[in-house]
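Engineer: Shown below is the structure under consideration.
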Protein chains: 2
Amino acid sequence: MDLTNSQEEYLKTIYILKNTKNEIRVTEIANKLGKTKASVNNAINSLKQEKLINYEPYGQIELTKEGESLARKIVEANDIVKLFLIEILGSTEENAENEAKAIKTVLSDDTLNKLARYTHKELGLSSLDCGYDINNQRCIECARRNV
Amino acid sequence: MDLTNSQEEYLKTIYILKNTKNEIRVTEIANKLGKTKASVNNAINSLKQEKLINYEPYGQIELTKEGESLARKIVEANDIVKLFLIEILGSTEENAENEAKAIKTVLSDDTLNKLARYTHKELGLSSLDCGYDINNQRCIECARRNV
DNA sequence: TTGATTTGTTAGCTATATCTAACATTATAT
DNA sequence: ATATAATGTTAGATATAGCTAACAAATCAA
């Protein structure tokens, strides 16, 4: 039931595009990820099979409830790693983006939570331990500041 | 010329076994990595093709100069990530081992250096910035403490 | 409204990485 | 010295993830 890196990448992209455009096109995903339309087609069919998106040929791409929640988690994991790389280690935005993408797929929820809490604390966003939990409610402070 | 994750994993294992045993057997690698002997066979042939190991059927596995240096780097990257996960985030040894393995393959040299320096500094192993560089000489303090 | 352009799909190929099963070689023990 | 066990190899299958090229459907413009 676990997604492959590739599937996560596609799901993340769909989620992000959903929040900026009203229509998602296969071509758009392909361009964004630097893949061919054929590859995207394969990918969305595999996501459909996993019931993470609804899709009919030539139709709209829609995230299912499960797909949406999984995507949210993936994006959030990405943000956690990126924040750490940029703010704590001093990586560049571009570098952080690339590496976060790859790293987030291999970290356990527990590690992600630890990393988020550590980073928040170091940055003074929370006093001691914000109790961040990627699967549940985010700490109020973190939510307010969107970190 | 870049190795795949899988190749890195095999190379790392060979390097580590070399330092503990005088003989490396295909079966041993297979057990250590939880793969079949057939898979190991494929892998060592691909490493041979990359000139990272010397190997003749039924013979000894030997790291070439290039293989040895690459392996050293992989192991060191692994240690950097593991140290951070355990000492800074408080992960368990087991968890850190698993995640470090996966993470190290995607981090740039630059990020690894930053992570090492950050961890060393936080742990008080170095005063300010130990100047750790995975490709060159390690800082004297780090080398002495083997971190 | 119809032809051109854009968008999406399908078929078939490639490469990596795994597996199982069968076979070959080497080592061991009596 | 030879049978058995351990070790190593090969062949062939599967799955993922990508590609190109050819085709199909939808959209747009004249």
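Identifiers in the structure tokens: chain A, B, ... in order shown; residue index from 1 per chain; ligand index from 1 in order shown.
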Onto chain B, please fit chain A by least squares using all C-alpha atoms in order, then return the transformed chain as a CSV table (one decimal) with N, CA and C atoms, in the first residue's frame.
Structural biologist:
```csv
chain,number,residue,atom,x,y,z
A,1,MET,N,27.9,8.2,-14.8
A,1,MET,CA,28.9,7.7,-13.9
A,1,MET,C,28.4,7.6,-12.4
A,2,ASP,N,27.3,8.2,-12.2
A,2,ASP,CA,26.7,8.2,-10.8
A,2,ASP,C,26.2,6.8,-10.5
A,3,LEU,N,26.4,6.4,-9.3
A,3,LEU,CA,25.9,5.1,-8.9
A,3,LEU,C,24.4,5.2,-8.5
A,4,THR,N,23.7,4.1,-8.7
A,4,THR,CA,22.3,4.0,-8.2
A,4,THR,C,22.4,3.7,-6.7
A,5,ASN,N,21.3,3.9,-6.1
A,5,ASN,CA,21.1,3.6,-4.7
A,5,ASN,C,21.6,2.2,-4.4
A,6,SER,N,21.1,1.3,-5.2
A,6,SER,CA,21.4,-0.1,-5.0
A,6,SER,C,22.9,-0.3,-5.1
A,7,GLN,N,23.5,0.2,-6.1
A,7,GLN,CA,25.0,0.0,-6.2
A,7,GLN,C,25.7,0.6,-5.0
A,8,GLU,N,25.3,1.7,-4.5
A,8,GLU,CA,25.9,2.3,-3.4
A,8,GLU,C,25.8,1.4,-2.2
A,9,GLU,N,24.6,0.8,-2.0
A,9,GLU,CA,24.4,0.0,-0.9
A,9,GLU,C,25.3,-1.3,-0.9
A,10,TYR,N,25.5,-1.8,-2.1
A,10,TYR,CA,26.4,-3.0,-2.2
A,10,TYR,C,27.8,-2.6,-2.0
A,11,LEU,N,28.2,-1.4,-2.5
A,11,LEU,CA,29.6,-1.0,-2.4
A,11,LEU,C,29.9,-0.7,-0.9
A,12,LYS,N,28.9,-0.1,-0.2
A,12,LYS,CA,29.1,0.2,1.2
A,12,LYS,C,29.3,-1.1,2.0
A,13,THR,N,28.4,-2.1,1.7
A,13,THR,CA,28.5,-3.4,2.4
A,13,THR,C,29.8,-4.1,2.2
A,14,ILE,N,30.3,-4.0,0.9
A,14,ILE,CA,31.6,-4.7,0.6
A,14,ILE,C,32.7,-4.0,1.5
A,15,TYR,N,32.7,-2.7,1.5
A,15,TYR,CA,33.7,-1.9,2.2
A,15,TYR,C,33.6,-2.2,3.7
A,16,ILE,N,32.5,-2.3,4.2
A,16,ILE,CA,32.3,-2.6,5.7
A,16,ILE,C,32.8,-4.0,6.0
A,17,LEU,N,32.4,-5.0,5.1
A,17,LEU,CA,32.8,-6.3,5.4
A,17,LEU,C,34.3,-6.5,5.2
A,18,LYS,N,34.9,-5.7,4.3
A,18,LYS,CA,36.4,-5.8,4.1
A,18,LYS,C,37.1,-5.4,5.4
A,19,ASN,N,36.5,-4.5,6.2
A,19,ASN,CA,37.2,-4.1,7.4
A,19,ASN,C,37.0,-5.0,8.6
A,20,THR,N,36.2,-6.0,8.4
A,20,THR,CA,35.9,-6.9,9.5
A,20,THR,C,36.3,-8.3,9.2
A,21,LYS,N,36.2,-8.7,7.9
A,21,LYS,CA,36.6,-10.1,7.6
A,21,LYS,C,37.7,-10.0,6.5
A,22,ASN,N,38.4,-11.1,6.4
A,22,ASN,CA,39.4,-11.1,5.4
A,22,ASN,C,38.9,-11.6,4.0
A,23,GLU,N,37.8,-12.4,4.2
A,23,GLU,CA,37.2,-12.9,2.9
A,23,GLU,C,35.7,-12.4,2.9
A,24,ILE,N,35.3,-12.0,1.7
A,24,ILE,CA,34.0,-11.6,1.5
A,24,ILE,C,33.3,-12.6,0.6
A,25,ARG,N,32.2,-13.1,1.0
A,25,ARG,CA,31.5,-14.1,0.1
A,25,ARG,C,30.2,-13.5,-0.4
A,26,VAL,N,29.8,-13.9,-1.5
A,26,VAL,CA,28.5,-13.5,-2.1
A,26,VAL,C,27.4,-13.8,-1.2
A,27,THR,N,27.4,-14.9,-0.6
A,27,THR,CA,26.3,-15.3,0.3
A,27,THR,C,26.2,-14.4,1.5
A,28,GLU,N,27.4,-14.0,2.0
A,28,GLU,CA,27.4,-13.1,3.1
A,28,GLU,C,26.8,-11.7,2.8
A,29,ILE,N,27.1,-11.2,1.7
A,29,ILE,CA,26.5,-9.9,1.2
A,29,ILE,C,25.0,-10.1,1.1
A,30,ALA,N,24.6,-11.2,0.5
A,30,ALA,CA,23.2,-11.5,0.3
A,30,ALA,C,22.5,-11.6,1.6
A,31,ASN,N,23.0,-12.2,2.6
A,31,ASN,CA,22.4,-12.3,3.9
A,31,ASN,C,22.3,-10.9,4.6
A,32,LYS,N,23.4,-10.2,4.5
A,32,LYS,CA,23.5,-8.9,5.2
A,32,LYS,C,22.4,-8.0,4.6
A,33,LEU,N,22.2,-8.1,3.3
A,33,LEU,CA,21.3,-7.1,2.7
A,33,LEU,C,19.9,-7.7,2.5
A,34,GLY,N,19.7,-9.0,2.8
A,34,GLY,CA,18.4,-9.6,2.6
A,34,GLY,C,18.0,-9.8,1.2
A,35,LYS,N,19.1,-10.0,0.3
A,35,LYS,CA,18.8,-10.2,-1.1
A,35,LYS,C,19.2,-11.7,-1.4
A,36,THR,N,18.9,-12.1,-2.6
A,36,THR,CA,19.3,-13.4,-3.1
A,36,THR,C,20.7,-13.4,-3.6
A,37,LYS,N,21.3,-14.5,-3.7
A,37,LYS,CA,22.7,-14.6,-4.2
A,37,LYS,C,22.7,-14.2,-5.7
A,38,ALA,N,21.6,-14.5,-6.4
A,38,ALA,CA,21.6,-14.1,-7.8
A,38,ALA,C,21.6,-12.6,-7.9
A,39,SER,N,20.9,-11.9,-7.0
A,39,SER,CA,20.9,-10.4,-7.1
A,39,SER,C,22.2,-9.9,-6.8
A,40,VAL,N,22.9,-10.5,-5.8
A,40,VAL,CA,24.2,-10.0,-5.4
A,40,VAL,C,25.1,-10.2,-6.6
A,41,ASN,N,25.0,-11.3,-7.3
A,41,ASN,CA,25.8,-11.6,-8.5
A,41,ASN,C,25.6,-10.5,-9.5
A,42,ASN,N,24.4,-10.2,-9.8
A,42,ASN,CA,24.1,-9.1,-10.7
A,42,ASN,C,24.9,-7.8,-10.3
A,43,ALA,N,24.7,-7.5,-9.0
A,43,ALA,CA,25.2,-6.2,-8.5
A,43,ALA,C,26.7,-6.2,-8.6
A,44,ILE,N,27.4,-7.2,-8.2
A,44,ILE,CA,28.8,-7.2,-8.2
A,44,ILE,C,29.3,-7.1,-9.7
A,45,ASN,N,28.6,-7.7,-10.6
A,45,ASN,CA,29.0,-7.6,-12.0
A,45,ASN,C,28.8,-6.1,-12.5
A,46,SER,N,27.8,-5.5,-12.0
A,46,SER,CA,27.7,-4.1,-12.4
A,46,SER,C,28.7,-3.2,-11.8
A,47,LEU,N,29.1,-3.5,-10.5
A,47,LEU,CA,30.2,-2.7,-9.9
A,47,LEU,C,31.5,-3.0,-10.6
A,48,LYS,N,31.7,-4.2,-11.0
A,48,LYS,CA,32.9,-4.5,-11.8
A,48,LYS,C,33.0,-3.7,-13.1
A,49,GLN,N,31.8,-3.7,-13.7
A,49,GLN,CA,31.8,-2.9,-15.0
A,49,GLN,C,32.1,-1.4,-14.8
A,50,GLU,N,31.8,-1.0,-13.6
A,50,GLU,CA,32.1,0.4,-13.3
A,50,GLU,C,33.5,0.6,-12.7
A,51,LYS,N,34.2,-0.5,-12.8
A,51,LYS,CA,35.6,-0.6,-12.3
A,51,LYS,C,35.8,-0.2,-10.8
A,52,LEU,N,34.8,-0.5,-10.0
A,52,LEU,CA,34.8,-0.2,-8.6
A,52,LEU,C,35.3,-1.4,-7.8
A,53,ILE,N,35.2,-2.6,-8.4
A,53,ILE,CA,35.7,-3.8,-7.7
A,53,ILE,C,36.4,-4.6,-8.8
A,54,ASN,N,37.3,-5.5,-8.3
A,54,ASN,CA,37.9,-6.5,-9.2
A,54,ASN,C,37.2,-7.8,-8.8
A,55,TYR,N,36.8,-8.6,-9.8
A,55,TYR,CA,36.2,-9.8,-9.5
A,55,TYR,C,36.2,-10.7,-10.7
A,56,GLU,N,36.6,-12.0,-10.4
A,56,GLU,CA,36.5,-13.0,-11.4
A,56,GLU,C,35.6,-14.1,-10.8
A,57,PRO,N,34.9,-14.8,-11.7
A,57,PRO,CA,33.9,-15.8,-11.2
A,57,PRO,C,34.6,-16.7,-10.1
A,58,TYR,N,33.9,-16.9,-9.1
A,58,TYR,CA,34.4,-17.8,-8.0
A,58,TYR,C,35.6,-17.2,-7.2
A,59,GLY,N,35.9,-16.0,-7.6
A,59,GLY,CA,37.1,-15.4,-7.0
A,59,GLY,C,36.8,-14.5,-5.8
A,60,GLN,N,37.9,-13.7,-5.5
A,60,GLN,CA,37.8,-12.8,-4.4
A,60,GLN,C,37.2,-11.4,-4.9
A,61,ILE,N,36.5,-10.8,-4.0
A,61,ILE,CA,36.0,-9.4,-4.3
A,61,ILE,C,37.0,-8.4,-3.7
A,62,GLU,N,37.5,-7.6,-4.6
A,62,GLU,CA,38.5,-6.6,-4.2
A,62,GLU,C,38.1,-5.2,-4.6
A,63,LEU,N,38.1,-4.3,-3.7
A,63,LEU,CA,37.8,-2.9,-4.1
A,63,LEU,C,39.0,-2.3,-4.9
A,64,THR,N,38.7,-1.6,-6.0
A,64,THR,CA,39.7,-0.9,-6.7
A,64,THR,C,40.0,0.4,-5.9
A,65,LYS,N,41.0,1.1,-6.3
A,65,LYS,CA,41.3,2.4,-5.6
A,65,LYS,C,40.1,3.3,-5.6
A,66,GLU,N,39.5,3.4,-6.8
A,66,GLU,CA,38.3,4.3,-7.0
A,66,GLU,C,37.2,3.8,-6.1
A,67,GLY,N,37.0,2.5,-6.2
A,67,GLY,CA,35.9,1.9,-5.4
A,67,GLY,C,36.1,2.1,-3.9
A,68,GLU,N,37.3,2.0,-3.5
A,68,GLU,CA,37.6,2.2,-2.1
A,68,GLU,C,37.3,3.6,-1.6
A,69,SER,N,37.7,4.5,-2.5
A,69,SER,CA,37.5,5.9,-2.1
A,69,SER,C,36.0,6.3,-2.1
A,70,LEU,N,35.3,5.8,-3.1
A,70,LEU,CA,33.9,6.0,-3.2
A,70,LEU,C,33.1,5.4,-2.0
A,71,ALA,N,33.5,4.2,-1.7
A,71,ALA,CA,32.9,3.5,-0.5
A,71,ALA,C,33.1,4.3,0.8
A,72,ARG,N,34.3,4.7,0.9
A,72,ARG,CA,34.7,5.5,2.1
A,72,ARG,C,33.8,6.7,2.3
A,73,LYS,N,33.5,7.3,1.2
A,73,LYS,CA,32.7,8.5,1.2
A,73,LYS,C,31.3,8.2,1.5
A,74,ILE,N,30.8,7.1,1.0
A,74,ILE,CA,29.4,6.6,1.2
A,74,ILE,C,29.2,6.3,2.7
A,75,VAL,N,30.2,5.6,3.3
A,75,VAL,CA,30.1,5.3,4.7
A,75,VAL,C,30.2,6.5,5.5
A,76,GLU,N,31.0,7.4,5.1
A,76,GLU,CA,31.1,8.7,5.9
A,76,GLU,C,29.9,9.5,5.9
A,77,ALA,N,29.3,9.5,4.7
A,77,ALA,CA,28.0,10.2,4.6
A,77,ALA,C,26.9,9.6,5.5
A,78,ASN,N,27.0,8.3,5.5
A,78,ASN,CA,26.1,7.6,6.3
A,78,ASN,C,26.2,7.9,7.8
A,79,ASP,N,27.5,8.0,8.2
A,79,ASP,CA,27.8,8.3,9.6
A,79,ASP,C,27.4,9.8,10.0
A,80,ILE,N,27.5,10.7,9.0
A,80,ILE,CA,27.2,12.0,9.3
A,80,ILE,C,25.7,12.1,9.6
A,81,VAL,N,24.9,11.5,8.7
A,81,VAL,CA,23.4,11.6,8.9
A,81,VAL,C,23.0,10.9,10.1
A,82,LYS,N,23.6,9.7,10.4
A,82,LYS,CA,23.3,8.9,11.6
A,82,LYS,C,23.6,9.7,12.8
A,83,LEU,N,24.7,10.3,12.9
A,83,LEU,CA,25.1,11.1,14.0
A,83,LEU,C,24.1,12.2,14.3
A,84,PHE,N,23.7,12.9,13.3
A,84,PHE,CA,22.7,13.9,13.4
A,84,PHE,C,21.4,13.4,14.0
A,85,LEU,N,20.9,12.3,13.4
A,85,LEU,CA,19.6,11.7,13.8
A,85,LEU,C,19.7,11.3,15.2
A,86,ILE,N,20.7,10.7,15.6
A,86,ILE,CA,20.8,10.1,17.0
A,86,ILE,C,21.1,11.2,18.0
A,87,GLU,N,22.1,12.0,17.7
A,87,GLU,CA,22.6,13.0,18.8
A,87,GLU,C,21.8,14.3,18.8
A,88,ILE,N,21.3,14.7,17.7
A,88,ILE,CA,20.6,16.0,17.7
A,88,ILE,C,19.1,15.7,17.8
A,89,LEU,N,18.6,14.8,17.0
A,89,LEU,CA,17.1,14.6,17.0
A,89,LEU,C,16.7,13.5,18.0
A,90,GLY,N,17.6,12.7,18.5
A,90,GLY,CA,17.3,11.7,19.5
A,90,GLY,C,16.6,10.5,18.9
A,91,SER,N,16.9,10.2,17.7
A,91,SER,CA,16.4,8.9,17.1
A,91,SER,C,17.1,7.7,17.7
A,92,THR,N,16.5,6.6,17.6
A,92,THR,CA,17.1,5.4,18.1
A,92,THR,C,18.1,5.0,17.0
A,93,GLU,N,19.1,4.2,17.5
A,93,GLU,CA,20.1,3.6,16.7
A,93,GLU,C,19.6,2.9,15.5
A,94,GLU,N,18.6,2.1,15.7
A,94,GLU,CA,18.1,1.3,14.7
A,94,GLU,C,17.4,2.1,13.6
A,95,ASN,N,16.6,3.0,14.0
A,95,ASN,CA,15.9,3.9,13.1
A,95,ASN,C,16.9,4.7,12.3
A,96,ALA,N,17.8,5.3,13.0
A,96,ALA,CA,18.8,6.1,12.4
A,96,ALA,C,19.6,5.4,11.3
A,97,GLU,N,19.9,4.1,11.6
A,97,GLU,CA,20.6,3.3,10.6
A,97,GLU,C,19.8,3.2,9.3
A,98,ASN,N,18.6,2.8,9.5
A,98,ASN,CA,17.7,2.7,8.3
A,98,ASN,C,17.5,3.9,7.5
A,99,GLU,N,17.3,5.0,8.2
A,99,GLU,CA,17.0,6.2,7.5
A,99,GLU,C,18.3,6.9,6.9
A,100,ALA,N,19.3,6.8,7.6
A,100,ALA,CA,20.6,7.3,7.1
A,100,ALA,C,21.0,6.7,5.8
A,101,LYS,N,20.8,5.4,5.8
A,101,LYS,CA,21.1,4.6,4.5
A,101,LYS,C,20.4,5.2,3.3
A,102,ALA,N,19.1,5.5,3.5
A,102,ALA,CA,18.4,6.1,2.4
A,102,ALA,C,18.7,7.5,2.1
A,103,ILE,N,18.9,8.3,3.2
A,103,ILE,CA,19.1,9.7,3.0
A,103,ILE,C,20.4,10.0,2.4
A,104,LYS,N,21.4,9.4,2.8
A,104,LYS,CA,22.8,9.8,2.4
A,104,LYS,C,23.0,9.8,0.9
A,105,THR,N,22.2,8.9,0.2
A,105,THR,CA,22.4,8.8,-1.2
A,105,THR,C,21.8,10.0,-1.9
A,106,VAL,N,21.0,10.8,-1.3
A,106,VAL,CA,20.4,11.9,-2.0
A,106,VAL,C,21.0,13.3,-1.6
A,107,LEU,N,21.8,13.3,-0.6
A,107,LEU,CA,22.4,14.6,-0.2
A,107,LEU,C,23.6,14.9,-1.0
A,108,SER,N,23.7,16.2,-1.3
A,108,SER,CA,24.9,16.7,-2.0
A,108,SER,C,26.1,16.7,-1.0
A,109,ASP,N,27.3,16.8,-1.6
A,109,ASP,CA,28.4,16.9,-0.7
A,109,ASP,C,28.3,18.2,0.2
A,110,ASP,N,27.8,19.2,-0.4
A,110,ASP,CA,27.7,20.5,0.3
A,110,ASP,C,26.8,20.3,1.5
A,111,THR,N,25.7,19.7,1.3
A,111,THR,CA,24.7,19.5,2.4
A,111,THR,C,25.3,18.6,3.5
A,112,LEU,N,26.0,17.6,3.0
A,112,LEU,CA,26.6,16.7,4.0
A,112,LEU,C,27.7,17.4,4.8
A,113,ASN,N,28.4,18.3,4.2
A,113,ASN,CA,29.4,19.0,4.9
A,113,ASN,C,28.8,20.0,5.9
A,114,LYS,N,27.7,20.6,5.5
A,114,LYS,CA,27.0,21.5,6.4
A,114,LYS,C,26.4,20.8,7.5
A,115,LEU,N,25.9,19.6,7.2
A,115,LEU,CA,25.2,18.8,8.3
A,115,LEU,C,26.3,18.4,9.3
A,116,ALA,N,27.4,17.9,8.8
A,116,ALA,CA,28.5,17.5,9.7
A,116,ALA,C,29.0,18.6,10.6
A,117,ARG,N,29.2,19.7,10.0
A,117,ARG,CA,29.7,20.9,10.7
A,117,ARG,C,28.7,21.3,11.8
A,118,TYR,N,27.5,21.4,11.4
A,118,TYR,CA,26.4,21.8,12.3
A,118,TYR,C,26.4,20.8,13.5
A,119,THR,N,26.4,19.6,13.2
A,119,THR,CA,26.2,18.6,14.3
A,119,THR,C,27.5,18.6,15.2
A,120,HIS,N,28.6,18.7,14.6
A,120,HIS,CA,29.8,18.8,15.4
A,120,HIS,C,29.8,20.0,16.3
A,121,LYS,N,29.4,21.1,15.8
A,121,LYS,CA,29.3,22.3,16.6
A,121,LYS,C,28.3,22.2,17.7
A,122,GLU,N,27.2,21.7,17.4
A,122,GLU,CA,26.1,21.6,18.4
A,122,GLU,C,26.5,20.6,19.5
A,123,LEU,N,27.3,19.6,19.1
A,123,LEU,CA,27.7,18.6,20.1
A,123,LEU,C,28.9,19.1,20.9
A,124,GLY,N,29.4,20.3,20.5
A,124,GLY,CA,30.6,20.8,21.2
A,124,GLY,C,31.9,20.1,20.8
A,125,LEU,N,31.8,19.4,19.7
A,125,LEU,CA,33.0,18.7,19.3
A,125,LEU,C,34.0,19.6,18.7
A,126,SER,N,33.5,20.7,18.1
A,126,SER,CA,34.4,21.7,17.6
A,126,SER,C,33.9,23.1,18.1
A,127,SER,N,34.8,24.0,18.1
A,127,SER,CA,34.4,25.3,18.7
A,127,SER,C,33.4,26.0,17.8
A,128,LEU,N,33.8,26.3,16.6
A,128,LEU,CA,32.9,27.1,15.8
A,128,LEU,C,32.5,26.3,14.6
A,129,ASP,N,33.4,26.2,13.7
A,129,ASP,CA,33.1,25.5,12.4
A,129,ASP,C,34.3,24.6,12.1
A,130,CYS,N,34.1,23.3,12.1
A,130,CYS,CA,35.3,22.5,12.0
A,130,CYS,C,35.8,22.3,10.6
A,131,GLY,N,35.1,22.9,9.7
A,131,GLY,CA,35.5,22.9,8.3
A,131,GLY,C,35.6,21.5,7.7
A,132,TYR,N,34.8,20.6,8.2
A,132,TYR,CA,34.7,19.3,7.7
A,132,TYR,C,34.4,19.3,6.2
A,133,ASP,N,35.1,18.4,5.5
A,133,ASP,CA,34.9,18.3,4.1
A,133,ASP,C,35.0,16.8,3.7
A,134,ILE,N,33.9,16.3,3.3
A,134,ILE,CA,33.9,14.8,3.0
A,134,ILE,C,34.8,14.4,1.9
A,135,ASN,N,35.2,15.4,1.0
A,135,ASN,CA,36.2,15.0,-0.1
A,135,ASN,C,37.6,15.2,0.3
A,136,ASN,N,37.9,15.9,1.3
A,136,ASN,CA,39.3,16.2,1.6
A,136,ASN,C,39.6,15.8,3.1
A,137,GLN,N,40.4,16.6,3.6
A,137,GLN,CA,40.8,16.2,5.0
A,137,GLN,C,39.7,16.6,6.0
A,138,ARG,N,39.6,15.7,6.9
A,138,ARG,CA,38.6,16.0,7.9
A,138,ARG,C,39.3,16.9,8.9
A,139,CYS,N,38.5,17.7,9.7
A,139,CYS,CA,39.1,18.5,10.7
A,139,CYS,C,39.8,17.6,11.7
A,140,ILE,N,40.9,18.2,12.3
A,140,ILE,CA,41.7,17.4,13.2
A,140,ILE,C,40.9,16.8,14.3
A,141,GLU,N,40.1,17.7,14.9
A,141,GLU,CA,39.3,17.4,16.0
A,141,GLU,C,38.4,16.2,15.7
A,142,CYS,N,37.7,16.4,14.6
A,142,CYS,CA,36.8,15.4,14.1
A,142,CYS,C,37.5,14.0,13.9
A,143,ALA,N,38.6,14.1,13.3
A,143,ALA,CA,39.4,12.9,13.0
A,143,ALA,C,39.8,12.2,14.3
A,144,ARG,N,40.2,13.0,15.2
A,144,ARG,CA,40.7,12.4,16.5
A,144,ARG,C,39.5,11.7,17.2
A,145,ARG,N,38.4,12.3,17.2
A,145,ARG,CA,37.2,11.7,17.9
A,145,ARG,C,36.5,10.8,17.0
A,146,ASN,N,36.9,10.7,15.8
A,146,ASN,CA,36.3,9.8,14.8
A,146,ASN,C,34.8,10.1,14.6
A,147,VAL,N,34.5,11.3,14.4
A,147,VAL,CA,33.1,11.7,14.1
A,147,VAL,C,33.0,12.4,12.8
```
Engineer: For the strand (DSSP E or B) assignment from backbone DSSP, which residues of chain B qualify? Please present them as a PyMOL selection string.
Structural biologist: chain B and resi 53-54+62-63
Engineer: Please identify all residues of chain C having at least one atom at most 12 Å from any atom of chain A, considering only C-alpha atoms (C1' of nucleotides), and return them as an mmCIF file with N, CA and C atoms (P, O5', C5', C4', C3', O3' and C1' of nucleotides), in the first residue's frame.
Structural biologist:
```cif
data_model
loop_
_atom_site.group_PDB
_atom_site.id
_atom_site.type_symbol
_atom_site.label_atom_id
_atom_site.label_comp_id
_atom_site.auth_asym_id
_atom_site.auth_seq_id
_atom_site.Cartn_x
_atom_site.Cartn_y
_atom_site.Cartn_z
ATOM 1 P P DT C 6 -0.020 24.615 -30.955
ATOM 2 O "O5'" DT C 6 -0.774 23.897 -29.744
ATOM 3 C "C5'" DT C 6 -2.026 24.420 -29.311
ATOM 4 C "C4'" DT C 6 -2.727 23.356 -28.509
ATOM 5 C "C3'" DT C 6 -1.839 22.698 -27.453
ATOM 6 O "O3'" DT C 6 -2.484 22.931 -26.218
ATOM 7 C "C1'" DT C 6 -3.074 21.084 -28.664
ATOM 8 P P DT C 7 -1.888 22.485 -24.830
ATOM 9 O "O5'" DT C 7 -2.570 21.060 -24.637
ATOM 10 C "C5'" DT C 7 -3.988 20.985 -24.549
ATOM 11 C "C4'" DT C 7 -4.399 19.534 -24.506
ATOM 12 C "C3'" DT C 7 -3.620 18.708 -23.484
ATOM 13 O "O3'" DT C 7 -4.555 18.214 -22.546
ATOM 14 C "C1'" DT C 7 -3.798 17.588 -25.562
ATOM 15 P P DG C 8 -4.164 17.225 -21.391
ATOM 16 O "O5'" DG C 8 -4.403 15.810 -22.082
ATOM 17 C "C5'" DG C 8 -5.736 15.396 -22.403
ATOM 18 C "C4'" DG C 8 -5.708 13.968 -22.913
ATOM 19 C "C3'" DG C 8 -5.019 12.969 -21.987
ATOM 20 O "O3'" DG C 8 -5.923 11.879 -21.805
ATOM 21 C "C1'" DG C 8 -4.156 12.783 -24.170
ATOM 22 P P DT C 9 -5.491 10.561 -21.066
ATOM 23 O "O5'" DT C 9 -5.119 9.613 -22.296
ATOM 24 C "C5'" DT C 9 -6.127 9.286 -23.235
ATOM 25 C "C4'" DT C 9 -5.634 8.176 -24.154
ATOM 26 C "C3'" DT C 9 -5.101 6.947 -23.420
ATOM 27 O "O3'" DT C 9 -5.833 5.843 -23.941
ATOM 28 C "C1'" DT C 9 -3.543 7.683 -25.077
ATOM 29 P P DT C 10 -5.653 4.395 -23.294
ATOM 30 O "O5'" DT C 10 -4.709 3.689 -24.369
ATOM 31 C "C5'" DT C 10 -5.006 3.851 -25.740
ATOM 32 C "C4'" DT C 10 -3.885 3.215 -26.556
ATOM 33 C "C3'" DT C 10 -3.311 1.939 -25.940
ATOM 34 O "O3'" DT C 10 -3.432 0.922 -26.918
ATOM 35 C "C1'" DT C 10 -1.580 3.432 -26.574
ATOM 36 P P DA C 11 -3.067 -0.577 -26.527
ATOM 37 O "O5'" DA C 11 -1.722 -0.799 -27.363
ATOM 38 C "C5'" DA C 11 -1.544 -0.108 -28.607
ATOM 39 C "C4'" DA C 11 -0.149 -0.367 -29.132
ATOM 40 C "C3'" DA C 11 0.506 -1.645 -28.608
ATOM 41 O "O3'" DA C 11 1.267 -2.204 -29.664
ATOM 42 C "C1'" DA C 11 1.834 0.187 -28.006
#
```
Engineer: Contacts from chain D to chain B, 9 Å maximum, only C-alpha atoms (C1' of nucleotides): show me the residue list as a PyMOL selection string.
Structural biologist: chain D and resi 7-10
Engineer: Could you please determine the separation between atom C1' of DG3 of chain C and atom C1' of DA22 of chain D in Å, to one decimal place?
Structural biologist: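 About the pair atom C1' of DG3 of chain C and atom C1' of DA22 of chain D: they are 19.9 Å apart.
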Engineer: Identify, on the basis of only C-alpha atoms (C1' of nucleotides), every residue whose closest approach to segment 12-15 of chain C does not exceed 12 Å; exclude the query and any residue fewer than 6 positions from it along the same chain; express the result as a PyMOL selection string.
Structural biologist: chain D and resi 16-22
